[in-house]
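Asks: Dropping in start11.cif, which is mmCIF, C-alpha atoms:
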```
data_work
#
loop_
_atom_site.label_atom_id
_atom_site.label_comp_id
_atom_site.auth_asym_id
_atom_site.auth_seq_id
_atom_site.Cartn_x
_atom_site.Cartn_y
_atom_site.Cartn_z
CA MET A 1 46.02 152.02 203.37
CA ILE A 2 47.31 149.37 205.78
CA LEU A 3 45.84 151.30 208.71
CA LEU A 4 42.47 151.32 206.92
CA PHE A 5 42.56 147.51 206.85
CA TYR A 6 43.01 147.20 210.61
CA ILE A 7 40.39 149.86 211.42
CA ALA A 8 37.85 148.17 209.14
CA ALA A 9 38.69 144.77 210.64
CA ALA A 10 38.17 146.11 214.18
CA VAL A 11 34.84 147.67 213.22
CA ALA A 12 33.75 144.40 211.56
CA ILE A 13 34.57 142.32 214.65
CA ILE A 14 32.97 144.74 217.13
CA SER A 15 29.77 145.11 215.12
CA THR A 16 29.52 141.33 214.60
CA VAL A 17 29.84 140.79 218.36
CA SER A 18 27.03 143.32 218.78
CA VAL A 19 24.88 141.35 216.31
CA VAL A 20 25.35 138.14 218.29
CA LEU A 21 24.70 139.77 221.69
CA GLN A 22 21.89 142.12 220.67
CA SER A 23 18.33 141.54 221.87
CA ASN A 24 16.65 144.18 219.70
CA ILE A 25 16.37 142.63 216.25
CA VAL A 26 16.34 145.88 214.26
CA HIS A 27 19.47 147.10 216.05
CA ALA A 28 21.10 143.74 215.31
CA LEU A 29 20.25 144.17 211.62
CA ILE A 30 21.78 147.66 211.51
CA TYR A 31 24.93 146.32 213.20
CA LEU A 32 25.03 143.52 210.61
CA ILE A 33 24.86 146.11 207.81
CA LEU A 34 27.77 147.98 209.47
CA SER A 35 29.74 144.74 209.67
CA LEU A 36 29.13 143.96 205.98
CA LEU A 37 30.12 147.49 204.94
CA SER A 38 33.39 147.28 206.89
CA VAL A 39 34.12 143.91 205.24
CA ALA A 40 33.52 145.73 201.93
CA VAL A 41 36.20 148.24 202.98
CA VAL A 42 38.55 145.31 203.70
CA PHE A 43 37.86 143.99 200.17
CA TYR A 44 38.62 147.41 198.74
CA VAL A 45 41.93 147.64 200.61
CA LEU A 46 42.90 144.16 199.39
CA GLY A 47 42.32 145.29 195.79
CA ALA A 48 39.09 143.37 195.15
CA THR A 49 37.12 146.44 194.09
CA PHE A 50 34.39 144.56 192.22
CA ALA A 51 33.72 142.33 195.24
CA ALA A 52 33.62 145.43 197.48
CA VAL A 53 30.97 147.07 195.31
CA LEU A 54 28.92 143.84 195.17
CA GLU A 55 29.17 143.45 198.94
CA ALA A 56 27.81 146.97 199.46
CA ILE A 57 25.05 146.75 196.84
CA ILE A 58 23.83 143.16 197.11
CA TYR A 59 24.70 142.07 200.66
CA ALA A 60 24.27 145.30 202.62
CA GLY A 61 21.60 146.57 200.23
CA ALA A 62 19.37 143.89 198.78
CA ILE A 63 19.67 140.97 201.22
CA MET A 64 19.41 143.15 204.34
CA VAL A 65 16.31 144.88 202.93
CA LEU A 66 14.76 141.41 202.57
CA PHE A 67 15.47 140.81 206.26
CA LEU A 68 13.96 144.19 207.14
CA PHE A 69 10.76 143.42 205.23
CA VAL A 70 10.35 140.12 207.03
CA ILE A 71 10.98 141.74 210.44
CA MET A 72 8.31 144.31 209.57
CA MET A 73 5.89 141.54 208.54
CA LEU A 74 6.51 139.56 211.73
CA ASN A 75 5.77 142.71 213.77
CA MET A 76 8.29 142.11 216.54
CA GLY A 77 7.68 144.74 219.18
CA GLN A 78 8.47 145.18 222.85
CA HIS A 79 7.29 141.71 223.89
CA SER A 80 9.70 140.00 221.51
CA ARG A 81 12.53 142.13 222.90
CA ASP A 82 11.71 141.03 226.46
CA GLN A 83 11.37 137.41 225.31
CA GLU A 84 14.72 137.67 223.54
CA ARG A 85 16.33 138.98 226.72
CA SER A 86 14.93 136.09 228.73
CA TRP A 87 16.30 133.60 226.16
CA LEU A 88 19.80 135.04 226.46
CA SER A 89 20.87 133.14 229.57
CA VAL A 90 24.48 132.80 230.64
CA LYS A 91 24.11 129.02 231.09
CA GLY A 92 23.18 128.51 227.46
CA TRP A 93 26.18 130.49 226.25
CA ILE A 94 28.99 128.53 227.92
CA GLY A 95 28.88 125.39 225.78
CA PRO A 96 28.68 127.14 222.37
CA PHE A 97 31.39 129.61 223.42
CA ILE A 98 33.77 126.80 224.39
CA LEU A 99 33.06 124.88 221.16
CA ALA A 100 33.53 127.95 218.95
CA GLY A 101 36.62 128.92 220.94
CA VAL A 102 38.19 125.51 220.36
CA LEU A 103 37.40 125.77 216.64
CA LEU A 104 38.88 129.26 216.48
CA ALA A 105 42.02 128.14 218.35
CA GLN A 106 42.54 125.31 215.86
CA LEU A 107 42.02 127.67 212.92
CA LEU A 108 44.49 130.20 214.37
CA ASN A 109 46.99 127.43 215.06
CA VAL A 110 46.99 126.52 211.36
CA ILE A 111 46.86 130.10 210.09
CA VAL A 112 49.78 131.54 212.09
CA GLU A 113 52.16 129.10 210.41
CA PHE A 114 51.64 130.94 207.10
CA ASP A 115 54.18 133.59 206.29
CA TYR A 116 52.84 135.37 203.22
CA GLN A 117 52.65 139.07 202.55
CA ILE A 118 49.80 140.58 200.56
CA VAL A 119 50.90 143.45 198.35
CA PRO A 120 47.50 144.87 197.36
CA SER A 121 47.14 145.30 193.63
CA GLU A 122 43.83 146.12 192.05
CA VAL A 123 42.04 143.26 190.30
CA GLY A 124 39.21 145.13 188.65
CA VAL A 125 35.99 144.40 186.83
CA LEU A 126 37.79 143.71 183.55
CA GLU A 127 39.78 140.70 184.77
CA VAL A 128 36.85 139.30 186.74
CA SER A 129 34.33 139.57 183.92
CA ALA A 130 36.79 138.20 181.35
CA LEU A 131 37.05 135.08 183.50
CA LEU A 132 33.31 135.01 184.35
CA PHE A 133 32.24 134.95 180.73
CA GLY A 134 35.19 132.85 179.61
CA PRO A 135 36.09 129.68 181.52
CA TYR A 136 33.43 130.11 184.22
CA VAL A 137 30.41 130.76 182.00
CA LEU A 138 28.81 127.46 183.02
CA ALA A 139 29.04 128.49 186.70
CA VAL A 140 27.25 131.77 185.86
CA GLU A 141 24.46 129.85 184.14
CA LEU A 142 24.13 127.46 187.08
CA ALA A 143 24.04 130.43 189.49
CA SER A 144 21.19 131.96 187.48
CA ILE A 145 19.29 128.64 187.64
CA LEU A 146 19.89 128.58 191.42
CA LEU A 147 18.47 132.10 191.74
CA LEU A 148 15.45 131.13 189.65
CA ALA A 149 14.86 128.09 191.86
CA GLY A 150 15.17 130.30 194.94
CA LEU A 151 12.65 132.76 193.48
CA VAL A 152 10.09 130.06 192.69
CA THR A 153 10.55 128.39 196.09
CA ALA A 154 10.25 131.68 198.01
CA TYR A 155 7.08 132.56 196.09
CA HIS A 156 5.56 129.16 196.75
CA LEU A 157 6.50 129.12 200.46
CA ALA A 158 5.32 132.62 201.29
CA LYS A 159 1.97 132.12 199.52
CA LYS A 160 -1.04 131.94 201.77
CA MET B 1 53.78 149.79 198.48
CA GLN B 2 52.97 148.62 201.99
CA SER B 3 52.06 145.01 202.51
CA ILE B 4 49.58 143.29 204.81
CA PRO B 5 50.38 139.89 206.34
CA MET B 6 48.04 137.33 204.79
CA GLU B 7 47.42 135.62 208.11
CA HIS B 8 45.80 138.77 209.50
CA GLY B 9 43.13 138.64 206.82
CA LEU B 10 42.59 134.93 207.41
CA ILE B 11 42.42 135.48 211.20
CA LEU B 12 39.72 138.12 210.62
CA ALA B 13 37.77 135.61 208.53
CA GLY B 14 38.21 132.95 211.24
CA ILE B 15 37.01 135.28 214.01
CA LEU B 16 33.94 136.34 212.02
CA PHE B 17 33.16 132.69 211.21
CA SER B 18 33.41 131.68 214.89
CA LEU B 19 31.18 134.57 215.95
CA GLY B 20 28.60 133.46 213.40
CA LEU B 21 28.86 129.91 214.75
CA VAL B 22 28.25 131.17 218.31
CA GLY B 23 25.17 132.99 217.05
CA VAL B 24 23.81 129.89 215.30
CA LEU B 25 24.37 127.73 218.39
CA THR B 26 23.01 130.09 221.05
CA ARG B 27 20.10 131.94 219.50
CA ARG B 28 16.51 130.71 219.75
CA ASN B 29 14.99 133.32 217.46
CA ILE B 30 15.11 131.87 213.93
CA VAL B 31 15.69 135.28 212.31
CA PHE B 32 18.87 135.66 214.38
CA VAL B 33 19.98 132.17 213.32
CA LEU B 34 19.56 133.16 209.66
CA MET B 35 21.53 136.38 210.26
CA SER B 36 24.35 134.40 211.89
CA LEU B 37 24.40 132.09 208.87
CA GLU B 38 24.86 135.19 206.71
CA ILE B 39 27.86 136.18 208.87
CA MET B 40 29.41 132.73 208.36
CA LEU B 41 28.89 132.80 204.58
CA ASN B 42 30.36 136.29 204.42
CA ALA B 43 33.41 135.16 206.43
CA SER B 44 34.08 132.31 204.01
CA GLY B 45 33.85 134.76 201.12
CA LEU B 46 36.35 137.00 202.90
CA ALA B 47 38.77 134.06 203.20
CA PHE B 48 38.51 133.48 199.43
CA ILE B 49 39.20 137.14 198.66
CA VAL B 50 42.20 137.28 201.03
CA ALA B 51 43.74 134.13 199.56
CA ALA B 52 43.21 135.30 195.99
CA SER B 53 44.62 138.77 196.63
CA ARG B 54 47.85 137.18 197.88
CA TRP B 55 48.44 135.80 194.37
CA GLY B 56 46.75 138.68 192.55
CA HIS B 57 44.16 136.36 191.02
CA ALA B 58 40.58 137.18 190.02
CA GLU B 59 39.26 133.69 190.86
CA GLY B 60 38.63 134.66 194.48
CA GLN B 61 36.16 137.31 193.40
CA ILE B 62 34.39 134.79 191.16
CA MET B 63 34.09 132.41 194.09
CA PHE B 64 32.76 135.32 196.19
CA LEU B 65 30.17 135.97 193.48
CA MET B 66 29.03 132.34 193.72
CA ILE B 67 28.80 132.61 197.54
CA LEU B 68 26.77 135.81 197.10
CA THR B 69 24.33 134.03 194.79
CA LEU B 70 24.05 131.15 197.23
CA ALA B 71 23.41 133.55 200.12
CA ALA B 72 20.71 135.40 198.19
CA ALA B 73 18.90 132.18 197.25
CA GLU B 74 19.26 130.81 200.79
CA VAL B 75 17.89 133.98 202.37
CA ALA B 76 14.91 134.06 200.02
CA VAL B 77 13.97 130.45 200.83
CA GLY B 78 14.76 130.81 204.54
CA LEU B 79 12.67 133.95 204.97
CA GLY B 80 9.79 132.30 203.11
CA LEU B 81 10.01 129.41 205.58
CA ILE B 82 10.07 131.86 208.52
CA ILE B 83 6.91 133.61 207.27
CA GLN B 84 5.18 130.24 206.89
CA MET B 85 6.34 129.18 210.39
CA TYR B 86 5.03 132.42 211.90
CA ARG B 87 1.65 131.88 210.22
CA ARG B 88 1.29 128.34 211.58
CA PHE B 89 2.79 128.60 215.07
CA HIS B 90 2.66 132.40 215.74
CA THR B 91 6.20 132.35 217.11
CA VAL B 92 9.80 132.54 215.90
CA ASP B 93 11.11 130.16 218.60
CA ILE B 94 12.90 127.24 216.91
CA ASN B 95 12.24 124.99 219.92
CA VAL B 96 8.57 124.91 218.95
CA LEU B 97 9.46 123.07 215.76
CA SER B 98 10.97 120.18 217.70
CA GLN B 99 7.51 119.12 218.87
CA MET B 100 6.02 117.00 216.11
CA LYS B 101 2.41 116.03 215.80
CA GLY B 102 1.70 112.59 214.50
#
```
Let me see the file written as structure tokens.

Replies:
Amino acid sequence: MILLFYIAAAVAIISTVSVVLQSNIVHALIYLILSLLSVAVVFYVLGATFAAVLEAIIYAGAIMVLFLFVIMMLNMGQHSRDQERSWLSVKGWIGPFILAGVLLAQLLNVIVEFDYQIVPSEVGVLEVSALLFGPYVLAVELASILLLAGLVTAYHLAKK
Amino acid sequence: MQSIPMEHGLILAGILFSLGLVGVLTRRNIVFVLMSLEIMLNASGLAFIVAASRWGHAEGQIMFLMILTLAAAEVAVGLGLIIQMYRRFHTVDINVLSQMKG
């Protein structure tokens, strides 16, 4: 089980690096789906089974299909791949890499001081939904209003 | 039962977040920027799940659910904006948007 965590973490990091460095947008999307699925495996190992299922169905399923539809509509062919390759210059990467590296170093500096052990125990649908429709019912309602607002806005924006 | 150090999970979330940040800062294609934003949102959700699983709580999954809703709404609006941008400027280069007319 513990080995599964590290394998999934390695796959997630490698595929995310591939997303950032990729010049073919469809390949980048497939790598992103792989990254999300391996994060779902991490959730499963940590005992968050409901979150793992949602990650696979909604993130890797629904949201990525939205991306795929838009890429198909934009019709990005060979010329966009060449353009993408010309935009990926080494000079433009140095600054962002240093900034993100500094941020990551600070994060790691804080994180390594923790000394907690996770003993994975399953927190299933029952506990989550008892809380969702108990104390957090207002948050669920607000989330549904947010989704409705997103739906109306997307319809209005994409209209001719 | 074997145990996993909590900092390893948080380090994974930090690495994924930084990679997403690199993507947002370096890419010029707006679809790639939106994908990198998804990576960052997903990494923050991972941090919530890791922290909640340390204490065996279900609140982390509820927070993840909220992040998922936010990501779905954000992607819907963002992709609508991208389609509109492609119709008007016939490009997905975000530098084009910095030139204002008026």

Asks: Taking all atoms listed in the file into account, find every residue of chain A that has an atom no more than 7 Å from chain B, and write it out as an MDAnalysis selection string.

Replies: chainID A and resid 2 9 13 17 20 46:48 51 63 70 92:93 96:97 100 104 107:108 111:112 114 116:121 123 127:128 132 143 146:147 150 153:154 157:158

Asks: As an exercise, work out the distance from CA of Glu122 (chain A) to CA of Leu41 (chain B) in Å and give it to one decimal place.

Replies: 23.6 Å

Asks: Using all atoms listed in the file, which residues sit within 7 Å of region 22-35 of chain A once same-chain residues fewer than 3 positions away are excluded, as a list in words?

Replies: Val11, Ala12, Ser15, Thr16, Ser18, Val19, Ser38, Val39, Ala60, Arg81, Glu84 and Arg85 of chain A

Asks: At what distance in Å, to one decimal, does CA of Phe50 (chain A) lie from CA of Gly124 (chain A)?

Replies: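 Computed distance, CA of Gly124 (chain A) to CA of Phe50 (chain A), equals 6.0 Å.
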
Asks: Starting from 3 Å padding per side, set up an axis-aligned box that covers all listed atoms of region 7-20 of chain B and hand over centre and edge lengths in Å, one decimal, as lines of an AutoDock Vina configuration file.

Replies:
```
center_x = 38.0
center_y = 135.2
center_z = 211.4
size_x = 24.8
size_y = 13.1
size_z = 15.1
```

Asks: So how far away is CA of Ile30 (chain B) from CA of Gly101 (chain A), in Å?

Replies: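 Distance reported for this atom pair: 22.8 Å.
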